[in-house]
Amino acid sequence: MSAASPSLRLFLRSTGAVFLKDLRSELRTRYAVSALIMFVVTTISIILFSLGSEGASTDALSGMLWVVVFFAAMSGLSRTFVMEEERGTTLTLQLLAPPGAVFFGKLLFNFVLVTGVNAVTVVLYAAFINGFVIRTMSIFVVTVGLGSIGFAAAATVIAAIIARANTRGTLYPVLSFPIILPLLLSVIDATRMASEGAFFGEAAGEFQLLISYIVVVIVSSAMLFEYIWKD
Amino acid sequence: MVLKILLGVLLTAVIVSGLGLPMSPHPQAWYQLPVIPGLEEKARIIFFHVPTAWLSVVAFLTSMVYAIQYLRKRDLAYDIRSSAAAGLGFMFCILATITGAVWAKFNWGSYWNWDPRETSIFVLLLIYGAYFSLRSAVETEEKRATLSSAYSIIAAVTVPFFIFIMPRIMTGLHPGAKGDPEGAGPVVEFKMAPNMRVIFFTSLFAFTLLFYWMFRLRVRTAEVETHNQLRG
């Protein structure tokens, strides 16, 4: 055991506590989950209605999957921070937990939320949209996994910013879109490869981009979070 | 004063020589610009379009540097500089987009082709737009400064992907893209006649001076405004 371990253990414990607090309050109300799932169902049915009996190209369908994911994320991921502001619990949390623990706890919560919702989205999308077939499952699974981490990372820090601003709802997608765009372009490309049946190695470039994006966003937001969070 | 005169002389020289010098298929004299097949007179855009695009990135980085300074020192003077640079960057970004789009209509056939570099300038426009909508949504000065600084730093770490990496690794219409016979690389490496190169770099320098001059003006105006507000 090194000398830093007690403080590290304390940090991990507060992170876990913040995560569990958010998870419990979510399980009690199920506000974010139900909103997100209903959003996904609504969007997929709109796509179904607009497509009618006509099929769309693989390119368009793999892009549209991420349109659903993006707007679903935008409708629910700001909840963790906006909720604290609305209930007036921000100050308490500022006193009780170090900023880093708050950030990583919320990031973890958003990641769990996004992964769960994405899993539902993918299943519904594959079940209802004709012509959307995945030929290389390995690429697709890695893409959705990395995409979920990236979405959670970018969405968490933007949520922290807009929770402190006055107009919360409308600003969230506006601020998030340019930041998430590199991620979106990569995952759309990788999804297209997966549905065209490319080999796993061919998508390696996209995965490298995704991983570096995730690292860059998480590191910079962890450094900036203290300034955003504390008044 | 010296700056203003220098700026006037340089920009006049760039505009006159960039638009006025004759083009000839076999340049003999120093003042004759070469004709580039497929571009002809349209090649002159490089003296004006590239500097505006360059400034929109320079302004963005300037804004980010002052944002970092603000977060370290918590002095609103840095926030004034950060937002002044962003405002100018937004203007140059719009100019680069419009000049590029009009030129693309005549040379590539349509106003917008989603070439990688067009995508990156579009993202830059979106970021500037988001930055200013965030600023207008926060009323407290300190809070606005902190939040917009944080946002501009986060944007600055994700944007290089668009501006520096993507246009080079993807095939596109702009020079320097992957598959360009002149080789992928920084823009100015492709073949440019020496006299064009002189005009081009003078223009780049003059536009950067212009940015510096406008930036100082904006900062001074903003400082006078806050000073007046404090005095009531």
# chains A, B, ... in the order shown; residues from 1 in each chain; ligands from 1
>>> residues_around(residues="range 192-207 of chain A", least_positions_apart="6", cutoff="9 Å", atoms="only C-alpha atoms", output="PyMOL selection string")
chain A and resi 58-63+132-140+142-143+146+186
>>> interface_residues(of="chain A", to="chain B", cutoff="9 Å", atoms="only C-alpha atoms", output="list in words")
Val157, Ile158, Ile161, Ile162, Arg164, Ala165, Asn166, Thr167, Arg168, Leu171, Val174, Leu175, Ser176, Phe177, Pro178, Ile179, Ile180, Leu181, Pro182, Tyr213, Val216, Val217, Ser220, Ser221, Leu224, Phe225, Tyr227, Ile228 and Asp231 of chain A
>>> residues_around(residues="range 90-101 of chain B", least_positions_apart="5", cutoff="7 Å", atoms="only C-alpha atoms", output="list of chain:residue names")
B:His49, B:Thr52, B:Ala53, B:Leu55, B:Ser56, B:Tyr111, B:Trp112, B:Ile121, B:Leu125, B:Tyr128
>>> residues_around(residues="Ser152 in chain B", least_positions_apart="6", cutoff="8 Å", atoms="only C-alpha atoms", output="list in words")
Ser63, Met64, Ala67 and Tyr131 of chain B
>>> write_last_selection(atoms="N, CA and C atoms", output="mmCIF file, in the first residue's frame")
data_model
loop_
_atom_site.group_PDB
_atom_site.id
_atom_site.type_symbol
_atom_site.label_atom_id
_atom_site.label_comp_id
_atom_site.auth_asym_id
_atom_site.auth_seq_id
_atom_site.Cartn_x
_atom_site.Cartn_y
_atom_site.Cartn_z
ATOM 1 N N SER B 63 -8.594 33.373 -28.297
ATOM 2 C CA SER B 63 -9.698 33.349 -27.344
ATOM 3 C C SER B 63 -9.473 32.275 -26.287
ATOM 4 N N MET B 64 -8.958 31.112 -26.718
ATOM 5 C CA MET B 64 -8.738 30.027 -25.764
ATOM 6 C C MET B 64 -7.620 30.375 -24.782
ATOM 7 N N ALA B 67 -8.942 32.580 -22.303
ATOM 8 C CA ALA B 67 -9.865 31.833 -21.442
ATOM 9 C C ALA B 67 -9.094 31.113 -20.347
ATOM 10 N N TYR B 131 -20.869 29.419 -28.542
ATOM 11 C CA TYR B 131 -20.164 30.227 -27.546
ATOM 12 C C TYR B 131 -20.952 31.496 -27.235
#
>>> atom_distance(atom1="CA of Val144 in chain A", atom2="CA of Val120 in chain A")
11.6 Å
>>> select_by_dssp(residues="range 114-149 of chain A", states="alpha helix (DSSP H)", output="PyMOL selection string")
chain A and resi 114-128+137-149
>>> write_last_selection(atoms="C-alpha atoms", output="mmCIF file, in the first residue's frame")
data_model
loop_
_atom_site.group_PDB
_atom_site.id
_atom_site.type_symbol
_atom_site.label_atom_id
_atom_site.label_comp_id
_atom_site.auth_asym_id
_atom_site.auth_seq_id
_atom_site.Cartn_x
_atom_site.Cartn_y
_atom_site.Cartn_z
ATOM 1 C CA VAL A 114 -26.413 5.918 -21.979
ATOM 2 C CA THR A 115 -25.246 2.318 -22.321
ATOM 3 C CA GLY A 116 -28.612 1.004 -21.141
ATOM 4 C CA VAL A 117 -30.565 3.299 -23.433
ATOM 5 C CA ASN A 118 -28.267 2.577 -26.379
ATOM 6 C CA ALA A 119 -28.748 -1.154 -25.889
ATOM 7 C CA VAL A 120 -32.528 -0.686 -26.043
ATOM 8 C CA THR A 121 -32.206 1.666 -29.025
ATOM 9 C CA VAL A 122 -30.060 -0.743 -31.008
ATOM 10 C CA VAL A 123 -32.391 -3.683 -30.352
ATOM 11 C CA LEU A 124 -35.499 -1.682 -31.283
ATOM 12 C CA TYR A 125 -33.808 -0.183 -34.318
ATOM 13 C CA ALA A 126 -32.597 -3.536 -35.624
ATOM 14 C CA ALA A 127 -35.971 -5.125 -34.962
ATOM 15 C CA PHE A 128 -38.155 -2.508 -36.640
ATOM 16 C CA MET A 137 -20.949 -7.954 -35.056
ATOM 17 C CA SER A 138 -17.532 -7.316 -33.408
ATOM 18 C CA ILE A 139 -17.148 -3.884 -35.043
ATOM 19 C CA PHE A 140 -20.679 -2.924 -34.116
ATOM 20 C CA VAL A 141 -20.369 -3.938 -30.451
ATOM 21 C CA VAL A 142 -17.078 -2.057 -30.006
ATOM 22 C CA THR A 143 -18.522 0.988 -31.801
ATOM 23 C CA VAL A 144 -21.609 1.160 -29.606
ATOM 24 C CA GLY A 145 -19.476 0.609 -26.484
ATOM 25 C CA LEU A 146 -16.911 3.303 -27.306
ATOM 26 C CA GLY A 147 -19.658 5.574 -28.620
ATOM 27 C CA SER A 148 -21.503 5.310 -25.297
ATOM 28 C CA ILE A 149 -18.388 6.234 -23.308
#
>>> atom_distance(atom1="CA of Ala97 in chain A", atom2="CA of Arg28 in chain A")
22.4 Å
>>> atom_distance(atom1="CA of Ala101 in chain A", atom2="CA of Gly16 in chain A")
8.1 Å
>>> closest_residue(among="A:Thr80, A:Asn130, A:Ser14, A:Thr170", to="Ile44 in chain A", atoms="only C-alpha atoms")
A:Asn130
